[in-house]
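S.K.: Here you go, work-v9.cif (mmCIF, C-alpha atoms and all ligand atoms):
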```cif
data_input
loop_
_atom_site.group_PDB
_atom_site.id
_atom_site.type_symbol
_atom_site.label_atom_id
_atom_site.label_comp_id
_atom_site.auth_asym_id
_atom_site.auth_seq_id
_atom_site.Cartn_x
_atom_site.Cartn_y
_atom_site.Cartn_z
ATOM 1 C CA MET C 1 -8.043 16.589 -64.852
ATOM 2 C CA ASN C 2 -7.319 20.298 -65.014
ATOM 3 C CA LYS C 3 -10.112 22.553 -66.244
ATOM 4 C CA ILE C 4 -13.036 22.444 -63.818
ATOM 5 C CA VAL C 5 -16.205 24.435 -64.488
ATOM 6 C CA ILE C 6 -18.598 24.818 -61.567
ATOM 7 C CA LEU C 7 -22.180 26.075 -61.894
ATOM 8 C CA THR C 8 -24.029 27.055 -58.739
ATOM 9 C CA GLY C 9 -27.696 27.846 -58.130
ATOM 10 C CA ALA C 10 -29.943 28.966 -55.296
ATOM 11 C CA GLY C 11 -29.521 25.662 -53.416
ATOM 12 C CA ILE C 12 -25.957 26.528 -52.405
ATOM 13 C CA SER C 13 -27.189 29.598 -50.519
ATOM 14 C CA ALA C 14 -30.269 27.924 -48.998
ATOM 15 C CA GLU C 15 -28.473 26.983 -45.791
ATOM 16 C CA SER C 16 -27.290 30.585 -45.484
ATOM 17 C CA GLY C 17 -30.969 31.473 -45.132
ATOM 18 C CA LEU C 18 -31.636 32.721 -48.679
ATOM 19 C CA GLY C 19 -34.757 31.303 -50.309
ATOM 20 C CA THR C 20 -34.605 29.209 -53.460
ATOM 21 C CA PHE C 21 -37.059 29.864 -56.295
ATOM 22 C CA ARG C 22 -38.877 26.636 -57.063
ATOM 23 C CA ASP C 23 -38.748 24.672 -53.800
ATOM 24 C CA GLU C 24 -41.897 24.492 -51.656
ATOM 25 C CA GLY C 25 -42.411 27.927 -50.059
ATOM 26 C CA GLY C 26 -39.708 29.378 -52.350
ATOM 27 C CA LEU C 27 -39.677 32.802 -53.986
ATOM 28 C CA TRP C 28 -41.978 31.767 -56.838
ATOM 29 C CA ALA C 29 -44.569 30.551 -54.344
ATOM 30 C CA GLN C 30 -44.705 34.088 -52.947
ATOM 31 C CA HIS C 31 -44.404 36.101 -56.169
ATOM 32 C CA ALA C 32 -45.538 35.510 -59.741
ATOM 33 C CA VAL C 33 -42.369 35.055 -61.781
ATOM 34 C CA GLU C 34 -43.806 37.076 -64.684
ATOM 35 C CA ASP C 35 -44.422 40.013 -62.305
ATOM 36 C CA VAL C 36 -40.974 40.261 -60.731
ATOM 37 C CA ALA C 37 -38.508 38.544 -63.105
ATOM 38 C CA THR C 38 -39.411 39.793 -66.575
ATOM 39 C CA PRO C 39 -38.857 43.165 -68.298
ATOM 40 C CA GLU C 40 -42.619 43.269 -68.939
ATOM 41 C CA GLY C 41 -43.357 42.899 -65.224
ATOM 42 C CA PHE C 42 -40.925 45.735 -64.463
ATOM 43 C CA ALA C 43 -42.581 47.966 -67.082
ATOM 44 C CA ARG C 44 -46.024 47.246 -65.548
ATOM 45 C CA ASN C 45 -45.107 47.781 -61.910
ATOM 46 C CA PRO C 46 -41.530 48.927 -61.199
ATOM 47 C CA ALA C 47 -42.285 49.634 -57.515
ATOM 48 C CA LEU C 48 -43.312 46.001 -56.908
ATOM 49 C CA VAL C 49 -40.144 44.747 -58.591
ATOM 50 C CA HIS C 50 -37.948 47.141 -56.591
ATOM 51 C CA ASP C 51 -39.660 46.065 -53.353
ATOM 52 C CA PHE C 52 -38.869 42.430 -54.213
ATOM 53 C CA TYR C 53 -35.187 43.115 -54.932
ATOM 54 C CA ASN C 54 -34.712 45.629 -52.086
ATOM 55 C CA ALA C 55 -35.947 42.979 -49.644
ATOM 56 C CA ARG C 56 -33.673 40.306 -51.154
ATOM 57 C CA ARG C 57 -30.696 42.719 -51.104
ATOM 58 C CA ALA C 58 -31.250 43.386 -47.391
ATOM 59 C CA GLN C 59 -31.602 39.661 -46.702
ATOM 60 C CA ALA C 60 -28.458 38.781 -48.667
ATOM 61 C CA THR C 61 -26.467 41.497 -46.879
ATOM 62 C CA GLY C 62 -27.365 39.896 -43.550
ATOM 63 C CA ALA C 63 -26.567 36.332 -44.716
ATOM 64 C CA ARG C 64 -23.227 34.606 -44.245
ATOM 65 C CA PRO C 65 -21.398 32.222 -46.559
ATOM 66 C CA ASN C 66 -21.735 28.576 -45.555
ATOM 67 C CA ALA C 67 -19.445 25.552 -45.677
ATOM 68 C CA ALA C 68 -20.294 24.907 -49.344
ATOM 69 C CA HIS C 69 -19.237 28.412 -50.460
ATOM 70 C CA GLN C 70 -16.086 28.053 -48.361
ATOM 71 C CA ALA C 71 -15.223 24.669 -49.871
ATOM 72 C CA LEU C 72 -15.432 26.124 -53.394
ATOM 73 C CA ALA C 73 -13.165 29.015 -52.376
ATOM 74 C CA ARG C 74 -10.617 26.440 -51.116
ATOM 75 C CA LEU C 75 -10.901 24.507 -54.376
ATOM 76 C CA GLU C 76 -10.166 27.654 -56.384
ATOM 77 C CA ALA C 77 -7.188 28.527 -54.157
ATOM 78 C CA GLU C 78 -5.757 25.014 -54.454
ATOM 79 C CA HIS C 79 -6.239 24.841 -58.248
ATOM 80 C CA ARG C 80 -5.418 28.431 -59.178
ATOM 81 C CA GLY C 81 -6.302 29.144 -62.807
ATOM 82 C CA GLU C 82 -8.049 25.810 -63.331
ATOM 83 C CA VAL C 83 -11.457 26.556 -61.786
ATOM 84 C CA THR C 84 -14.177 28.637 -63.446
ATOM 85 C CA LEU C 85 -17.007 29.429 -61.047
ATOM 86 C CA ILE C 86 -20.256 30.377 -62.746
ATOM 87 C CA THR C 87 -23.136 31.300 -60.486
ATOM 88 C CA GLN C 88 -26.758 31.934 -61.322
ATOM 89 C CA ASN C 89 -27.066 33.564 -57.906
ATOM 90 C CA VAL C 90 -27.302 37.303 -57.437
ATOM 91 C CA ASP C 91 -25.950 37.229 -53.859
ATOM 92 C CA ASP C 92 -22.253 37.769 -53.090
ATOM 93 C CA LEU C 93 -21.716 34.794 -50.774
ATOM 94 C CA HIS C 94 -19.101 33.188 -53.059
ATOM 95 C CA GLU C 95 -17.015 36.375 -52.954
ATOM 96 C CA ARG C 96 -17.456 36.722 -49.208
ATOM 97 C CA ALA C 97 -16.285 33.107 -48.771
ATOM 98 C CA GLY C 98 -13.089 34.017 -50.649
ATOM 99 C CA SER C 99 -13.751 33.044 -54.278
ATOM 100 C CA ARG C 100 -11.969 35.595 -56.442
ATOM 101 C CA ASN C 101 -13.188 34.854 -59.924
ATOM 102 C CA VAL C 102 -16.980 34.576 -59.950
ATOM 103 C CA LEU C 103 -19.061 34.905 -63.108
ATOM 104 C CA HIS C 104 -22.553 36.105 -62.158
ATOM 105 C CA MET C 105 -24.480 35.029 -65.241
ATOM 106 C CA HIS C 106 -27.800 36.377 -63.864
ATOM 107 C CA GLY C 107 -26.323 39.625 -62.513
ATOM 108 C CA GLU C 108 -25.938 40.849 -58.939
ATOM 109 C CA LEU C 109 -28.101 42.433 -56.253
ATOM 110 C CA ALA C 110 -25.181 44.778 -55.633
ATOM 111 C CA GLY C 111 -25.587 46.393 -59.037
ATOM 112 C CA ALA C 112 -27.853 49.074 -60.495
ATOM 113 C CA LEU C 113 -28.482 49.390 -64.240
ATOM 114 C CA CYS C 114 -29.913 52.312 -66.194
ATOM 115 C CA HIS C 115 -32.838 51.095 -68.238
ATOM 116 C CA SER C 116 -32.322 54.057 -70.565
ATOM 117 C CA CYS C 117 -28.563 54.230 -71.354
ATOM 118 C CA GLY C 118 -27.220 50.909 -69.979
ATOM 119 C CA HIS C 119 -24.852 52.541 -67.470
ATOM 120 C CA ARG C 120 -24.041 50.384 -64.403
ATOM 121 C CA TRP C 121 -23.191 51.504 -60.868
ATOM 122 C CA PRO C 122 -23.142 50.090 -57.330
ATOM 123 C CA ALA C 123 -26.658 49.632 -55.988
ATOM 124 C CA PRO C 124 -27.848 51.786 -53.101
ATOM 125 C CA VAL C 125 -29.260 49.821 -50.161
ATOM 126 C CA VAL C 126 -32.769 50.754 -51.285
ATOM 127 C CA MET C 127 -33.360 51.359 -54.998
ATOM 128 C CA HIS C 128 -36.284 53.151 -56.691
ATOM 129 C CA ALA C 129 -37.202 53.313 -60.382
ATOM 130 C CA GLN C 130 -37.151 57.127 -60.310
ATOM 131 C CA ASP C 131 -33.565 57.302 -58.954
ATOM 132 C CA PRO C 132 -31.568 59.250 -61.580
ATOM 133 C CA CYS C 133 -28.857 57.467 -63.536
ATOM 134 C CA PRO C 134 -25.454 58.967 -62.584
ATOM 135 C CA ALA C 135 -24.480 59.063 -66.286
ATOM 136 C CA CYS C 136 -27.567 60.240 -68.225
ATOM 137 C CA ARG C 137 -29.786 61.463 -65.333
ATOM 138 C CA ALA C 138 -32.778 59.483 -66.658
ATOM 139 C CA PRO C 139 -35.074 58.312 -63.829
ATOM 140 C CA ALA C 140 -34.716 54.740 -65.091
ATOM 141 C CA THR C 141 -32.957 52.689 -62.413
ATOM 142 C CA ARG C 142 -33.408 48.924 -62.315
ATOM 143 C CA PRO C 143 -31.602 46.088 -60.548
ATOM 144 C CA ASP C 144 -28.653 44.779 -62.576
ATOM 145 C CA VAL C 145 -30.053 41.258 -62.806
ATOM 146 C CA VAL C 146 -31.001 39.096 -65.796
ATOM 147 C CA TRP C 147 -34.717 38.462 -66.232
ATOM 148 C CA PHE C 148 -36.473 35.963 -68.486
ATOM 149 C CA GLY C 149 -36.096 36.955 -72.118
ATOM 150 C CA GLU C 150 -32.815 38.786 -71.467
ATOM 151 C CA ILE C 151 -29.358 37.557 -72.426
ATOM 152 C CA PRO C 152 -27.280 36.242 -69.516
ATOM 153 C CA TYR C 153 -23.979 37.935 -68.728
ATOM 154 C CA HIS C 154 -20.429 36.733 -69.441
ATOM 155 C CA MET C 155 -21.443 34.377 -72.258
ATOM 156 C CA ASP C 156 -18.214 35.324 -74.067
ATOM 157 C CA VAL C 157 -16.227 33.782 -71.184
ATOM 158 C CA ILE C 158 -18.665 31.032 -70.194
ATOM 159 C CA ASP C 159 -19.043 29.401 -73.610
ATOM 160 C CA PRO C 160 -15.289 28.799 -74.199
ATOM 161 C CA ALA C 161 -14.854 27.625 -70.583
ATOM 162 C CA LEU C 162 -17.597 25.018 -71.126
ATOM 163 C CA THR C 163 -15.976 23.862 -74.351
ATOM 164 C CA GLU C 164 -12.591 23.436 -72.675
ATOM 165 C CA ALA C 165 -13.893 21.823 -69.462
ATOM 166 C CA ASP C 166 -12.509 18.458 -68.349
ATOM 167 C CA MET C 167 -15.067 18.398 -65.547
ATOM 168 C CA PHE C 168 -18.433 20.149 -65.137
ATOM 169 C CA VAL C 169 -19.979 20.295 -61.676
ATOM 170 C CA SER C 170 -23.516 21.546 -61.043
ATOM 171 C CA ILE C 171 -24.442 22.507 -57.472
ATOM 172 C CA GLY C 172 -27.862 23.402 -56.044
ATOM 173 C CA THR C 173 -29.731 24.206 -59.227
ATOM 174 C CA SER C 174 -33.008 22.701 -60.446
ATOM 175 C CA GLY C 175 -31.972 22.553 -64.103
ATOM 176 C CA GLN C 176 -35.106 24.342 -65.257
ATOM 177 C CA VAL C 177 -33.657 27.600 -66.545
ATOM 178 C CA TYR C 178 -31.741 27.900 -69.822
ATOM 179 C CA PRO C 179 -29.053 28.326 -70.975
ATOM 180 C CA ALA C 180 -27.521 26.965 -67.713
ATOM 181 C CA ALA C 181 -29.793 23.904 -67.827
ATOM 182 C CA ALA C 182 -28.106 22.770 -71.051
ATOM 183 C CA TYR C 183 -24.508 22.992 -69.805
ATOM 184 C CA ALA C 184 -24.213 19.461 -68.378
ATOM 185 C CA GLN C 185 -25.378 17.811 -71.578
ATOM 186 C CA HIS C 186 -23.156 20.106 -73.656
ATOM 187 C CA CYS C 187 -20.027 19.395 -71.585
ATOM 188 C CA GLY C 188 -20.798 15.668 -71.368
ATOM 189 C CA ARG C 189 -21.076 15.415 -75.154
ATOM 190 C CA LEU C 190 -17.681 17.105 -75.446
ATOM 191 C CA GLY C 191 -16.149 14.478 -73.157
ATOM 192 C CA ALA C 192 -16.103 16.204 -69.765
ATOM 193 C CA VAL C 193 -16.873 14.315 -66.571
ATOM 194 C CA THR C 194 -20.212 15.638 -65.309
ATOM 195 C CA VAL C 195 -21.092 15.790 -61.606
ATOM 196 C CA GLU C 196 -24.307 16.839 -59.871
ATOM 197 C CA LEU C 197 -24.326 17.898 -56.195
ATOM 198 C CA ASN C 198 -27.851 18.735 -55.096
ATOM 199 C CA LEU C 199 -30.408 18.134 -52.382
ATOM 200 C CA GLU C 200 -32.318 15.861 -54.753
ATOM 201 C CA PRO C 201 -32.139 14.873 -58.430
ATOM 202 C CA SER C 202 -32.690 17.899 -60.688
ATOM 203 C CA SER C 203 -34.743 17.958 -63.908
ATOM 204 C CA ASN C 204 -31.635 17.121 -65.908
ATOM 205 C CA SER C 205 -30.047 14.604 -63.516
ATOM 206 C CA ARG C 206 -29.781 12.098 -66.356
ATOM 207 C CA ASP C 207 -27.147 14.360 -67.951
ATOM 208 C CA PHE C 208 -24.694 13.668 -65.098
ATOM 209 C CA ALA C 209 -22.269 10.752 -64.897
ATOM 210 C CA GLU C 210 -21.774 11.164 -61.152
ATOM 211 C CA THR C 211 -24.329 12.345 -58.575
ATOM 212 C CA HIS C 212 -24.217 13.084 -54.846
ATOM 213 C CA TYR C 213 -27.451 14.074 -53.087
ATOM 214 C CA GLY C 214 -27.768 15.875 -49.755
ATOM 215 C CA PRO C 215 -27.519 19.382 -48.278
ATOM 216 C CA ALA C 216 -24.851 21.512 -49.960
ATOM 217 C CA THR C 217 -23.041 22.144 -46.657
ATOM 218 C CA GLN C 218 -22.386 18.406 -46.489
ATOM 219 C CA VAL C 219 -22.014 17.172 -50.055
ATOM 220 C CA VAL C 220 -19.913 20.062 -51.393
ATOM 221 C CA PRO C 221 -17.139 19.973 -48.727
ATOM 222 C CA ALA C 222 -17.147 16.147 -48.952
ATOM 223 C CA TRP C 223 -16.691 16.326 -52.736
ATOM 224 C CA VAL C 224 -14.003 19.065 -52.571
ATOM 225 C CA ASP C 225 -11.955 17.506 -49.750
HETATM 226 C C1 LIG C 301 -30.493 22.487 -52.446
HETATM 227 C C2 LIG C 301 -30.667 22.847 -51.109
HETATM 228 C C3 LIG C 301 -29.598 22.601 -50.230
HETATM 229 C C4 LIG C 301 -32.471 23.336 -52.194
HETATM 230 N N1 LIG C 301 -28.473 22.044 -50.685
HETATM 231 N N2 LIG C 301 -29.380 21.931 -52.874
HETATM 232 C C5 LIG C 301 -34.611 26.741 -74.144
HETATM 233 C C6 LIG C 301 -35.714 25.976 -73.878
HETATM 234 C C7 LIG C 301 -36.799 26.507 -73.220
HETATM 235 C C8 LIG C 301 -36.789 27.830 -72.769
HETATM 236 C C9 LIG C 301 -35.691 28.591 -73.028
HETATM 237 C C10 LIG C 301 -34.632 28.046 -73.692
HETATM 238 N N3 LIG C 301 -33.683 29.009 -73.780
HETATM 239 C C11 LIG C 301 -34.123 30.119 -73.190
HETATM 240 C C12 LIG C 301 -35.357 29.908 -72.712
HETATM 241 C C13 LIG C 301 -36.173 30.923 -71.990
HETATM 242 C C14 LIG C 301 -35.797 31.107 -70.539
HETATM 243 C C15 LIG C 301 -36.011 29.793 -69.795
HETATM 244 O O1 LIG C 301 -35.101 29.093 -69.420
HETATM 245 N N4 LIG C 301 -37.252 29.483 -69.491
HETATM 246 C C16 LIG C 301 -37.558 28.287 -68.711
HETATM 247 C C17 LIG C 301 -38.611 28.644 -67.694
HETATM 248 C C18 LIG C 301 -37.903 27.143 -69.619
HETATM 249 N N5 LIG C 301 -34.431 31.589 -70.353
HETATM 250 C C19 LIG C 301 -34.112 32.874 -70.453
HETATM 251 O O2 LIG C 301 -34.935 33.719 -70.783
HETATM 252 C C20 LIG C 301 -32.676 33.266 -70.206
HETATM 253 N N6 LIG C 301 -32.182 33.994 -71.330
HETATM 254 C C21 LIG C 301 -31.864 33.382 -72.472
HETATM 255 O O3 LIG C 301 -31.900 32.159 -72.602
HETATM 256 O O4 LIG C 301 -31.446 34.263 -73.443
HETATM 257 C C22 LIG C 301 -31.146 33.707 -74.750
HETATM 258 C C23 LIG C 301 -29.666 33.584 -74.925
HETATM 259 C C24 LIG C 301 -28.917 32.801 -74.079
HETATM 260 C C25 LIG C 301 -27.556 32.668 -74.277
HETATM 261 C C26 LIG C 301 -26.949 33.327 -75.311
HETATM 262 C C27 LIG C 301 -27.686 34.137 -76.166
HETATM 263 C C28 LIG C 301 -29.059 34.252 -75.953
HETATM 264 C C29 LIG C 301 -32.567 34.182 -68.981
HETATM 265 C C30 LIG C 301 -32.900 33.481 -67.723
HETATM 266 C C31 LIG C 301 -32.904 34.461 -66.550
HETATM 267 C C32 LIG C 301 -33.297 33.798 -65.249
HETATM 268 N N7 LIG C 301 -33.458 34.790 -64.239
HETATM 269 C C33 LIG C 301 -33.695 34.373 -62.847
HETATM 270 C C34 LIG C 301 -33.862 35.662 -61.990
HETATM 271 C C35 LIG C 301 -32.482 36.325 -61.776
HETATM 272 C C36 LIG C 301 -32.542 37.440 -60.798
HETATM 273 C C37 LIG C 301 -33.027 36.985 -59.445
HETATM 274 O O5 LIG C 301 -32.321 36.261 -58.738
HETATM 275 O O6 LIG C 301 -34.160 37.352 -59.084
HETATM 276 O O7 LIG C 301 -32.594 33.590 -62.372
HETATM 277 S S1 LIG C 301 -35.102 33.268 -62.651
HETATM 278 C C38 LIG C 301 -34.347 32.283 -61.391
HETATM 279 O O8 LIG C 301 -34.105 30.933 -61.863
HETATM 280 C C39 LIG C 301 -32.960 32.905 -61.152
HETATM 281 C C40 LIG C 301 -32.109 31.691 -60.949
HETATM 282 O O9 LIG C 301 -30.745 32.011 -61.157
HETATM 283 C C41 LIG C 301 -32.690 30.715 -61.946
HETATM 284 C C42 LIG C 301 -32.353 29.275 -61.650
HETATM 285 O O10 LIG C 301 -32.883 28.875 -60.418
HETATM 286 P P1 LIG C 301 -32.074 27.862 -59.509
HETATM 287 O O11 LIG C 301 -30.851 28.488 -59.004
HETATM 288 O O12 LIG C 301 -31.913 26.572 -60.228
HETATM 289 O O13 LIG C 301 -33.076 27.710 -58.261
HETATM 290 P P2 LIG C 301 -34.309 26.707 -58.064
HETATM 291 O O14 LIG C 301 -35.123 27.233 -56.956
HETATM 292 O O15 LIG C 301 -35.000 26.435 -59.332
HETATM 293 O O16 LIG C 301 -33.623 25.337 -57.613
HETATM 294 C C43 LIG C 301 -32.966 25.196 -56.374
HETATM 295 C C44 LIG C 301 -32.299 23.844 -56.310
HETATM 296 O O17 LIG C 301 -31.549 23.778 -55.110
HETATM 297 C C45 LIG C 301 -33.274 22.657 -56.308
HETATM 298 O O18 LIG C 301 -32.810 21.658 -57.207
HETATM 299 C C46 LIG C 301 -33.215 22.152 -54.870
HETATM 300 O O19 LIG C 301 -33.373 20.747 -54.778
HETATM 301 C C47 LIG C 301 -31.806 22.551 -54.470
HETATM 302 N N8 LIG C 301 -31.619 22.773 -53.020
HETATM 303 N N9 LIG C 301 -31.885 23.349 -50.886
HETATM 304 C C48 LIG C 301 -28.369 21.682 -51.950
HETATM 305 N N10 LIG C 301 -29.663 22.887 -48.863
#
```
Would you give me this structure, written as C-alpha cells?
M.R.:
Amino acid sequence: MNKIVILTGAGISAESGLGTFRDEGGLWAQHAVEDVATPEGFARNPALVHDFYNARRAQATGARPNAAHQALARLEAEHRGEVTLITQNVDDLHERAGSRNVLHMHGELAGALCHSCGHRWPAPVVMHAQDPCPACRAPATRPDVVWFGEIPYHMDVIDPALTEADMFVSIGTSGQVYPAAAYAQHCGRLGAVTVELNLEPSSNSRDFAETHYGPATQVVPAWVD
C-alpha cells in the first residue's frame, strides 16, 4: 500500500466549531445555496455574498485544528510523498495542523480573486466587491472559492492522483457534491481500497469497502494510528 488519496469535507472541521453545509442547522439552513454559492447569486447581490464569506473567514481564523486534522498531518509526515490530501474545505485548518501539501479543490477563504481579470491575491480580513484588483484596478473582488457551475481547482493534479491511488479515504463529506462525490466509485473501480470515515453513512456509502462511523476527532486518529 503506498499511494493514499484522502478527501476531506466540512465534517472534519465541525468539531473545530465550523458549521457544515447540509447537516441540521448547517450553513444551507441559514442561507439559500443559490444566493451565496453560485456566480448568479454573486451577480445579483455581491454584498450578501461578501457578508457570508467575511463572517466565515472571521470564524475560521478563530478556529483551531482538531485531533482529526492533526492525525492527517502525522500520516503525511510518516508517509512522505505517498499521501495526497484533497480538501473541499475553504478553511486552513489542515495547514495549521501541519499538513504541507493540501489541494483546496473548492478554493480558500484566504484568497481574493478578480472577477474581471482572474488575478489572485491574499484576502483582506473584510472583503468588498468594490475593492480594486491590485493588477487591473477593476472594482471586481470576489472570494477565491469555487461555486456551483464553476470548475474545481487542481483537477490536473487530482485526476492522476486518483488514478494512481492504492487507497482512497473519504472523511466528513456527505457525498452530494460532484466531482468529489464520484471519486470513491472511480478509485474502487480502478482497484483501490476505499474507506469512509464519517459521522454517519454518506449518500455514496455503498461505494466504500470499509467504513468507520463516529466523530472525526475519534475515528480519524483511530484509523491513522
Ligand atoms: C461529520 C461530523 C463530525 C458532520 N465528524 N463527520 C454530476 C451529477 C449531478 C450534478 C453535477 C454533476 N457534476 C457536476 C454537477 C453540478 C454540481 C453538483 O455537484 N451539484 C449537486 C448539488 C448535485 N457541481 C459543481 O457545479 C462543481 N463543478 C463541476 O462539477 O464542474 C464541472 C467540472 C468538474 C471537473 C472537471 C471539469 C468540469 C462545483 C462544486 C462547487 C461546490 N462549492 C461549495 C462551496 C465552496 C465554497 C464555500 O465553502 O462556501 O463547496 S458547496 C459546498 O458543498 C462546499 C463543500 O465543499 C461542498 C461539499 O460539502 P461537504 O463538505 O460534503 O459538507 P456537507 O455539509 O454536505 O456534509 C458534511 C458531512 O460531515 C456529513 O456527511 C456529516 O455526516 C459529516 N459530519 N459532523 C465527522 N463531527
S.K.: Could you tell me which residues the PyMOL selection byres (((not hetatm)) within 7 of (chain C and resi 301)) returns for this structure, as an MDAnalysis selection string?
M.R.: chainID C and resid 8:12 14:15 20:23 26 37 88:90 106:107 145:152 155 171:179 197:202 214:217
S.K.: Would you mind telling me which residue in C:Ala222, C:Ala58, C:Val5, C:Leu18 lies nearest to Val125 of chain C when using all atoms listed in the file?
M.R.: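 When distances to Val125 of chain C are compared using all atoms listed in the file, the smallest one comes from C:Ala58.
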S.K.: Please report the interatomic distance between atom CA of Ala71 of chain C and atom CA of Ala97 of chain C in Å with one decimal.
M.R.: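 So the two atoms, atom CA of Ala71 of chain C and atom CA of Ala97 of chain C, lie 8.6 Å apart.
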S.K.: Could you tell me, as number ranges by chain, which residues have any atom at most 12 Å from (-10.5, 23.9, -56.9), counting all atoms listed in the file?
M.R.: C: 1-6, 69-85, 99-101, 167, 169, 220-221, 223-225
S.K.: Show which residues sit within 9 Å of Val193 of chain C, as a list in words. Count all atoms listed in the file, and ignore same-chain residues fewer than 3 positions away.
M.R.: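 Contacts, in chain order: Ala165, Asp166, Met167, Phe168, Val169, Cys187, Gly188, Phe208, Ala209 and Glu210 of chain C.
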S.K.: Have a look at atom CA of Val157 of chain C and atom CA of Gly41 of chain C and let me know their distance in Å, one decimal.
M.R.: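 According to the coordinates, atom CA of Val157 of chain C and atom CA of Gly41 of chain C are separated by 29.2 Å.
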S.K.: Once the PyMOL selection byres (((chain C and resi 46-51) around 7) and not hetatm) has been evaluated on this model, what residues remain selected, and can you format them as a list in words?
M.R.: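 Applied to this file, the PyMOL selection byres (((chain C and resi 46-51) around 7) and not hetatm) selects Val36, Phe42, Ala43, Arg44, Asn45, Phe52, Tyr53, Asn54, Ala55, Met127, His128 and Ala129 of chain C.
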